[in-house]
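Peer 1: This is the structure I have questions about; it appears just below.
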Amino acid sequence: MIVTSRSNNVLGGRSGGWRVWSLSDGHIEMPADLLRDPQNNPVPQAAQGSALRLSVNCFALAGPGGDGVLIDSGGGGWMPTVGRLEQTLAEARIDPASITALALTHTHQDHVQGLLTPDGRVLFQNLKAIMIGEGAVDSFLAERHLARFRPLLKPVRNGDQVAGRLKAVALPGHAPGHTGYAFETDEDRFLFFGDIVHVPAMQFGDSTLSWGYDDDQATARATRLKVFDDAAGAGIWIAGAHLGWPGIGRVVRKDGAYFYQPA
């Protein structure tokens, strides 16, 4: 991927005939004791602070045909520190009307509430499909204020081709139906992996550290280690909802440890 533009909110790049963007939706402050060791105890190095600041990132793709795909929609009006996606799209010169497909990694608030702007407007007027892991459908249906989007839901399974060159990848452990999306151009491979990592400063160095909101911490750890190993071995670009800005980069393995190399 060749980076073509970069600011505090937008990273734009090109790969083959595709354009790829990382888009900041803001950030959230979370209790530091949510970072857990394999015995589910708070990690002392993190717990010394009162809070951890997590980036909230969304990603967009556009191919030669022009229709755009968005991966996760951010937090909308969930918290005052998120919901910046509309402004970030404008900065990236992406018309929300060009987004016709949304691929959700899961249905936690900071990923799904951005279907509506903080003032309650539908952001993507031309949306035709919302891809979602089969196991996440029920939690989406429980969001009553998002009922207008239910007819757009397209449940996906591991390996399904979901939009253009985007393929669903089951990434279990964090939330029901947690799904990543693999994407290949003629030049690069990408994995948009949702919430595999929450605290990059610590979890790349020690992939056994998990997050208090992981549904199954042992499974989440195993998934994270596999993602790191695969990405480092194959030179895959990783893109994560909570990776530090710019939210996209590489995994590098050295002397048995993993490191995050931002784009």
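The chains in the structure tokens are called A, B, ... from first to last as shown; in each chain the residues are counted from 1, and the ligands are counted from 1 in the order shown.
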Might you pull out every residue within 8 Å of Thr179 in chain A, with only C-alpha atoms counted and same-chain residues fewer than 3 positions away left off, and present them as a ChimeraX atom specification?

Peer 2: /A:104-106,132-133,158,168-172,193-194

Peer 1: DSSP on the backbone: what in range 63-112 of chain A comes out strand (DSSP E), as a list in words?

Peer 2: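 Residues meeting the strand (DSSP E) criterion: Gly68, Val69, Leu70, Ile71, Ile99, Thr100, Ala101, Leu102 and Ala103 of chain A.
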
Peer 1: Include C-alpha atoms and write out the residues we just selected as a PDB file, in the first residue's frame.

Peer 2:
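Saved result, result-v2.pdb, follows:
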```
ATOM      1  CA  GLY A  68     -17.717   2.197  -1.292  1.00  0.00           C
ATOM      2  CA  VAL A  69     -17.481  -0.285   1.570  1.00  0.00           C
ATOM      3  CA  LEU A  70     -17.193   0.793   5.195  1.00  0.00           C
ATOM      4  CA  ILE A  71     -15.837  -1.492   7.919  1.00  0.00           C
ATOM      5  CA  ILE A  99     -21.079   3.916   0.833  1.00  0.00           C
ATOM      6  CA  THR A 100     -23.356   1.085  -0.258  1.00  0.00           C
ATOM      7  CA  ALA A 101     -22.120  -1.714   2.015  1.00  0.00           C
ATOM      8  CA  LEU A 102     -21.211  -1.828   5.707  1.00  0.00           C
ATOM      9  CA  ALA A 103     -19.206  -4.741   7.125  1.00  0.00           C
TER      10      ALA A 103
END
```

Peer 1: Write out as JSON, numbers by chain each polymer residue whose atoms come within 12 Å of Arg19 in chain A, counting only C-alpha atoms; drop sequence neighbours fewer than 6 positions from it.

Peer 2: {"A": [1, 2, 3, 4, 5, 11, 12, 13, 59, 60, 61, 62, 63, 64, 65, 66, 67, 68, 69, 70, 92, 94, 183, 184, 185, 188]}

Peer 1: Residues as selected, N, CA and C atoms, written as an mmCIF file, in the first residue's frame, can you do that?

Peer 2:
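Saved to selection.cif:
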```cif
data_model
loop_
_atom_site.group_PDB
_atom_site.id
_atom_site.type_symbol
_atom_site.label_atom_id
_atom_site.label_comp_id
_atom_site.auth_asym_id
_atom_site.auth_seq_id
_atom_site.Cartn_x
_atom_site.Cartn_y
_atom_site.Cartn_z
ATOM 1 N N MET A 1 0.834 -1.193 0.000
ATOM 2 C CA MET A 1 0.000 0.000 0.000
ATOM 3 C C MET A 1 0.872 1.248 0.000
ATOM 4 N N ILE A 2 0.527 2.174 -0.853
ATOM 5 C CA ILE A 2 1.225 3.459 -0.905
ATOM 6 C C ILE A 2 0.362 4.497 -0.200
ATOM 7 N N VAL A 3 0.894 5.093 0.862
ATOM 8 C CA VAL A 3 0.158 6.127 1.588
ATOM 9 C C VAL A 3 0.162 7.407 0.758
ATOM 10 N N THR A 4 -1.041 7.932 0.514
ATOM 11 C CA THR A 4 -1.164 9.120 -0.339
ATOM 12 C C THR A 4 -1.550 10.371 0.438
ATOM 13 N N SER A 5 -2.112 10.194 1.630
ATOM 14 C CA SER A 5 -2.480 11.362 2.445
ATOM 15 C C SER A 5 -2.541 10.947 3.896
ATOM 16 N N LEU A 11 -6.082 8.624 7.133
ATOM 17 C CA LEU A 11 -4.961 8.108 6.368
ATOM 18 C C LEU A 11 -5.534 7.517 5.099
ATOM 19 N N GLY A 12 -5.031 7.966 3.971
ATOM 20 C CA GLY A 12 -5.478 7.447 2.690
ATOM 21 C C GLY A 12 -4.350 6.731 1.988
ATOM 22 N N GLY A 13 -4.674 5.647 1.279
ATOM 23 C CA GLY A 13 -3.656 4.911 0.562
ATOM 24 C C GLY A 13 -4.209 4.289 -0.710
ATOM 25 N N PHE A 59 -12.852 2.020 8.708
ATOM 26 C CA PHE A 59 -12.060 1.875 7.494
ATOM 27 C C PHE A 59 -12.975 1.861 6.278
ATOM 28 N N ALA A 60 -12.496 2.438 5.189
ATOM 29 C CA ALA A 60 -13.291 2.486 3.959
ATOM 30 C C ALA A 60 -12.467 1.985 2.787
ATOM 31 N N LEU A 61 -13.170 1.377 1.836
ATOM 32 C CA LEU A 61 -12.555 0.861 0.613
ATOM 33 C C LEU A 61 -13.364 1.337 -0.575
ATOM 34 N N ALA A 62 -12.691 1.619 -1.671
ATOM 35 C CA ALA A 62 -13.379 1.948 -2.917
ATOM 36 C C ALA A 62 -12.573 1.385 -4.070
ATOM 37 N N GLY A 63 -13.243 0.637 -4.930
ATOM 38 C CA GLY A 63 -12.580 0.023 -6.073
ATOM 39 C C GLY A 63 -12.894 0.736 -7.363
ATOM 40 N N PRO A 64 -12.501 0.162 -8.470
ATOM 41 C CA PRO A 64 -12.712 0.792 -9.777
ATOM 42 C C PRO A 64 -14.174 1.071 -10.083
ATOM 43 N N GLY A 65 -15.085 0.269 -9.489
ATOM 44 C CA GLY A 65 -16.509 0.476 -9.765
ATOM 45 C C GLY A 65 -17.120 1.678 -9.079
ATOM 46 N N GLY A 66 -16.468 2.177 -8.045
ATOM 47 C CA GLY A 66 -16.943 3.399 -7.409
ATOM 48 C C GLY A 66 -17.713 3.204 -6.123
ATOM 49 N N ASP A 67 -18.474 2.098 -5.971
ATOM 50 C CA ASP A 67 -19.217 1.878 -4.744
ATOM 51 C C ASP A 67 -18.252 1.670 -3.581
ATOM 52 N N GLY A 68 -18.593 2.259 -2.445
ATOM 53 C CA GLY A 68 -17.717 2.197 -1.292
ATOM 54 C C GLY A 68 -18.188 1.190 -0.257
ATOM 55 N N VAL A 69 -17.216 0.631 0.458
ATOM 56 C CA VAL A 69 -17.481 -0.285 1.570
ATOM 57 C C VAL A 69 -16.891 0.330 2.827
ATOM 58 N N LEU A 70 -17.660 0.310 3.904
ATOM 59 C CA LEU A 70 -17.193 0.793 5.195
ATOM 60 C C LEU A 70 -17.079 -0.396 6.139
ATOM 61 N N ALA A 92 -11.821 13.373 4.342
ATOM 62 C CA ALA A 92 -11.257 12.422 3.382
ATOM 63 C C ALA A 92 -11.849 12.586 1.981
ATOM 64 N N ILE A 94 -14.859 11.764 1.096
ATOM 65 C CA ILE A 94 -15.702 10.606 0.812
ATOM 66 C C ILE A 94 -17.147 11.012 1.035
ATOM 67 N N PHE A 183 -8.947 -8.815 2.826
ATOM 68 C CA PHE A 183 -9.093 -8.058 1.586
ATOM 69 C C PHE A 183 -7.786 -8.171 0.808
ATOM 70 N N GLU A 184 -7.901 -8.501 -0.457
ATOM 71 C CA GLU A 184 -6.716 -8.631 -1.304
ATOM 72 C C GLU A 184 -6.852 -7.767 -2.552
ATOM 73 N N THR A 185 -5.825 -6.999 -2.819
ATOM 74 C CA THR A 185 -5.727 -6.299 -4.092
ATOM 75 C C THR A 185 -4.717 -7.076 -4.933
ATOM 76 N N ASP A 188 -1.445 -6.124 -2.387
ATOM 77 C CA ASP A 188 -1.350 -6.259 -0.938
ATOM 78 C C ASP A 188 -2.469 -7.124 -0.383
#
```

Peer 1: Residues at most 9 Å from Ala51 in chain A, counting only C-alpha atoms, excluding those fewer than 5 positions away in the same chain, as a list of chain:residue names?

Peer 2: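 My reading of the contact set: A:Glu29, A:Met30, A:Pro31, A:Ala32, A:Asp33, A:Ala46.
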
Peer 1: Just the residues within 9 Å of Ala241 in chain A, please, counting only C-alpha atoms, with nothing from its chain fewer than 5 positions along; format it as a list of chain:residue names.

Peer 2: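 Final neighbour list, sorted by chain and number: A:Leu54, A:Ser55, A:Val56, A:Asn57, A:Cys58, A:Phe59, A:Asp72, A:Gly74, A:Asp110, A:His111, A:Phe192, A:Phe193, A:Gly194, A:Asp195, A:Ile196, A:Val197, A:His198, A:Gly247.
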